[in-house]
Amino acid sequence: MNMSATYLGLQLSHPIIASASPLTSTVDGIRALEDAGAAAVVMPSLFEEQIRAEDTAYAMYTEHGSFSQSEAGSYFPEMPDYDSGVSGHLDTLRRAVSAVDIPVIASLNAVTIDGWINYAARLEEAGAAALELNMYFIPADATMSGQDVETHYVEAVRAVKRTVKIPVAAKLSPYFSSIGHMAHQLADAGADGLVLFNRFYQPDFDLATLSVKSDLKLSSSHEAGPPLLWIGVLAGRIKSSLAATTGVETAEQVIKYLLVGADAVMTTSALLRHGPAYMRRLIAGLALWLDENRHPSVSAIRGLKSVKQLDNVGELLRAQYMNLLTEYVPSKLAA
Ligand SMILES: Cc1cc2nc3c(=O)[nH]c(=O)nc-3n(C[C@H](O)[C@H](O)[C@H](O)COP(=O)(O)O)c2cc1C
């Protein structure tokens, strides 16, 4: 059985990658994931706020206090050796790269073009095999148009690509009015890969104290729909490689993502819930399904159900509406 995969030009033993999370924030965590068979890991993002010692987006991902009420918090690993400063982050990356044989992908969330460029270069120098740009900011300034937001992202990719030699992936949110157009703009700007789609903390209030709190629930497989759709639409029609993220609970979602055309499939919530060793279950589940269905390799199934391969493009795009109309509504009406 040939499980190998290629993502961002990196040769992987199989397509399943541990995406950015507290599990990948320490050398021990990364080693545990390698021991469990992860094909590659993505380190948590270095945030420009972290660099400027501010306390906004970075805190949303890392502040232990914000986890006190959240589901994710109860799975949050102890990270006694996590150094949240920039030099600590770079040092962890450097040590991880020499401690493991799998690719260690760095991640960056910057705000300014200077921030993207400077810290991309430092992450490359520290030995990252590739760079993931965690592209998300909230355009709270209502005079900023959708076009302005897109231009900022495209220019950031262009600037980073001019700066580093390692492959660069853009990790996106689903909040664009035309995902396909945005994806192609990023590919044209040089993005070697696209990671679809990130999930975010949402602001909330504590009614007892009227204080703002942020909470993050771990994902479930029900959330895999948007990446499944958009990878299916883009696969085979875009020059960037494609990685799926969100909603991988079991090997079933890994297989579906490959069928629509993902080059790699990432997982975080499942690993936080069950521990790094759960990676083995995902790999074994994929291998078993390929074997039972007589597919000789991962590449034999990649994209079989992408829009490009379907005779009827509407099959994937309209699936949810048709199911609703033909299955649920009549049975509900009859009841
Ligand atoms: C606690 C936690 C921390 C995360 N930190 C980062 C991060 O630093 N950078 C990033 O791009 N994504 C981060 N993510 C998002 C994950 O990498 C992943 O894309 C997302 O959780 C969807 O995958 P899942 O459904 O398998 O959890 C984080 C997720 C969680 C739950």
# chains A, B, ... in the order shown; residues from 1 in each chain; ligands from 1
>>> residues_around(residues="A:Ala20", least_positions_apart="3", cutoff="12 Å", atoms="only C-alpha atoms", output="ChimeraX atom specification")
/A:17,23-26,29-30,40-46,61-62,104-109,131-134,171,195,198-199,245-246,266-269,271-272
>>> select_by_dssp(residues="stretch 56-239 of chain A", states="helix (DSSP H, G or I)", output="VMD selection string")
chain A and resid 57 to 62 64 to 67 71 to 75 86 to 99 113 to 125 146 to 163 179 to 188 221 to 234
>>> closest_residue(among="A:Leu286, A:Val27, A:Val149, A:Ala32", to="A:Asp91", atoms="only C-alpha atoms")
A:Val27
>>> residues_around(residues="A:Tyr278", least_positions_apart="3", cutoff="12 Å", atoms="only C-alpha atoms", output="ChimeraX atom specification")
/A:16,18,32-38,248-251,267-275,281-285
>>> write_last_selection(atoms="N, CA, C and O atoms", output="compact mmCIF listing (two decimals), in the first residue's frame")
# COMPACT_ATOMS: atom_id res chain seq x y z
N ILE A 16 -1.55 12.78 6.44
CA ILE A 16 -2.17 13.36 7.65
C ILE A 16 -1.15 14.15 8.47
O ILE A 16 -0.13 13.63 8.92
N ALA A 18 -0.46 17.06 11.69
CA ALA A 18 -0.99 17.68 12.92
C ALA A 18 -0.95 19.19 12.73
O ALA A 18 0.13 19.77 12.58
N ALA A 32 6.25 13.64 20.29
CA ALA A 32 5.17 12.66 20.55
C ALA A 32 4.33 12.46 19.28
O ALA A 32 3.91 11.34 18.97
N LEU A 33 4.12 13.53 18.54
CA LEU A 33 3.34 13.40 17.31
C LEU A 33 4.12 12.64 16.25
O LEU A 33 3.56 11.83 15.50
N GLU A 34 5.42 12.86 16.19
CA GLU A 34 6.23 12.06 15.25
C GLU A 34 6.18 10.58 15.65
O GLU A 34 5.99 9.71 14.80
N ASP A 35 6.31 10.31 16.94
CA ASP A 35 6.25 8.92 17.41
C ASP A 35 4.91 8.27 17.05
O ASP A 35 4.84 7.07 16.80
N ALA A 36 3.85 9.09 17.06
CA ALA A 36 2.52 8.54 16.74
C ALA A 36 2.30 8.46 15.23
O ALA A 36 1.24 8.04 14.78
N GLY A 37 3.30 8.88 14.45
CA GLY A 37 3.23 8.68 13.00
C GLY A 37 2.83 9.89 12.19
O GLY A 37 2.63 9.77 10.97
N ALA A 38 2.68 11.07 12.81
CA ALA A 38 2.28 12.26 12.03
C ALA A 38 3.24 12.45 10.85
O ALA A 38 4.46 12.30 11.00
N VAL A 248 -11.97 16.84 11.21
CA VAL A 248 -11.50 15.45 11.09
C VAL A 248 -11.66 14.77 12.45
O VAL A 248 -10.88 15.01 13.37
N GLU A 249 -12.71 13.99 12.59
CA GLU A 249 -12.92 13.25 13.84
C GLU A 249 -12.40 11.83 13.72
O GLU A 249 -11.87 11.27 14.67
N THR A 250 -12.60 11.26 12.53
CA THR A 250 -12.18 9.87 12.30
C THR A 250 -11.54 9.79 10.91
O THR A 250 -11.55 10.77 10.15
N ALA A 251 -11.10 8.58 10.55
CA ALA A 251 -10.50 8.39 9.23
C ALA A 251 -11.50 8.67 8.12
O ALA A 251 -11.11 9.00 6.99
N THR A 267 -5.33 17.80 11.26
CA THR A 267 -6.22 17.55 12.39
C THR A 267 -5.67 18.16 13.67
O THR A 267 -4.47 18.13 13.91
N THR A 268 -6.57 18.76 14.43
CA THR A 268 -6.22 19.31 15.74
C THR A 268 -7.18 18.84 16.83
O THR A 268 -6.77 18.22 17.81
N SER A 269 -8.49 19.12 16.65
CA SER A 269 -9.45 18.83 17.73
C SER A 269 -9.39 17.36 18.14
O SER A 269 -9.42 17.05 19.34
N ALA A 270 -9.32 16.47 17.15
CA ALA A 270 -9.31 15.03 17.48
C ALA A 270 -8.08 14.68 18.32
O ALA A 270 -8.16 13.88 19.26
N LEU A 271 -6.95 15.32 18.00
CA LEU A 271 -5.72 15.03 18.76
C LEU A 271 -5.79 15.63 20.16
O LEU A 271 -5.28 15.05 21.11
N LEU A 272 -6.43 16.78 20.28
CA LEU A 272 -6.59 17.38 21.61
C LEU A 272 -7.54 16.52 22.45
O LEU A 272 -7.32 16.31 23.64
N ARG A 273 -8.59 16.00 21.82
CA ARG A 273 -9.56 15.18 22.55
C ARG A 273 -8.97 13.85 23.01
O ARG A 273 -9.16 13.43 24.14
N HIS A 274 -8.25 13.19 22.09
CA HIS A 274 -7.84 11.81 22.36
C HIS A 274 -6.36 11.66 22.64
O HIS A 274 -5.90 10.56 22.97
N GLY A 275 -5.58 12.72 22.44
CA GLY A 275 -4.13 12.64 22.64
C GLY A 275 -3.42 12.34 21.34
O GLY A 275 -4.03 11.86 20.37
N ARG A 281 -4.58 5.93 14.89
CA ARG A 281 -5.89 5.41 14.52
C ARG A 281 -6.32 5.99 13.16
O ARG A 281 -6.91 5.30 12.34
N LEU A 282 -6.02 7.26 12.96
CA LEU A 282 -6.40 7.90 11.69
C LEU A 282 -5.65 7.27 10.53
O LEU A 282 -6.22 6.97 9.48
N ILE A 283 -4.35 7.05 10.74
CA ILE A 283 -3.53 6.47 9.66
C ILE A 283 -4.00 5.04 9.37
O ILE A 283 -4.18 4.65 8.21
N ALA A 284 -4.22 4.27 10.44
CA ALA A 284 -4.64 2.87 10.26
C ALA A 284 -6.01 2.81 9.58
O ALA A 284 -6.26 1.96 8.72
N GLY A 285 -6.91 3.73 9.95
CA GLY A 285 -8.25 3.75 9.36
C GLY A 285 -8.19 4.04 7.87
O GLY A 285 -8.91 3.43 7.07
>>> residues_around(residues="A:Leu172", least_positions_apart="2", cutoff="6 Å", atoms="only C-alpha atoms", output="number ranges by chain")
A: 135, 196-198
>>> write_last_selection(atoms="N, CA, C and O atoms", output="mmCIF file, in the first residue's frame")
data_model
loop_
_atom_site.group_PDB
_atom_site.id
_atom_site.type_symbol
_atom_site.label_atom_id
_atom_site.label_comp_id
_atom_site.auth_asym_id
_atom_site.auth_seq_id
_atom_site.Cartn_x
_atom_site.Cartn_y
_atom_site.Cartn_z
ATOM 1 N N MET A 135 -3.880 33.683 7.841
ATOM 2 C CA MET A 135 -4.331 34.975 7.343
ATOM 3 C C MET A 135 -5.690 35.310 7.897
ATOM 4 O O MET A 135 -6.708 34.904 7.357
ATOM 5 N N LEU A 196 -7.596 25.098 3.872
ATOM 6 C CA LEU A 196 -9.008 25.495 3.949
ATOM 7 C C LEU A 196 -9.719 24.660 5.002
ATOM 8 O O LEU A 196 -9.682 23.450 4.918
ATOM 9 N N PHE A 197 -10.393 25.227 5.977
ATOM 10 C CA PHE A 197 -10.476 26.592 6.453
ATOM 11 C C PHE A 197 -10.150 26.603 7.936
ATOM 12 O O PHE A 197 -10.499 25.648 8.640
ATOM 13 N N ASN A 198 -9.616 27.713 8.408
ATOM 14 C CA ASN A 198 -9.340 27.846 9.840
ATOM 15 C C ASN A 198 -10.643 28.049 10.619
ATOM 16 O O ASN A 198 -11.658 28.438 10.056
#
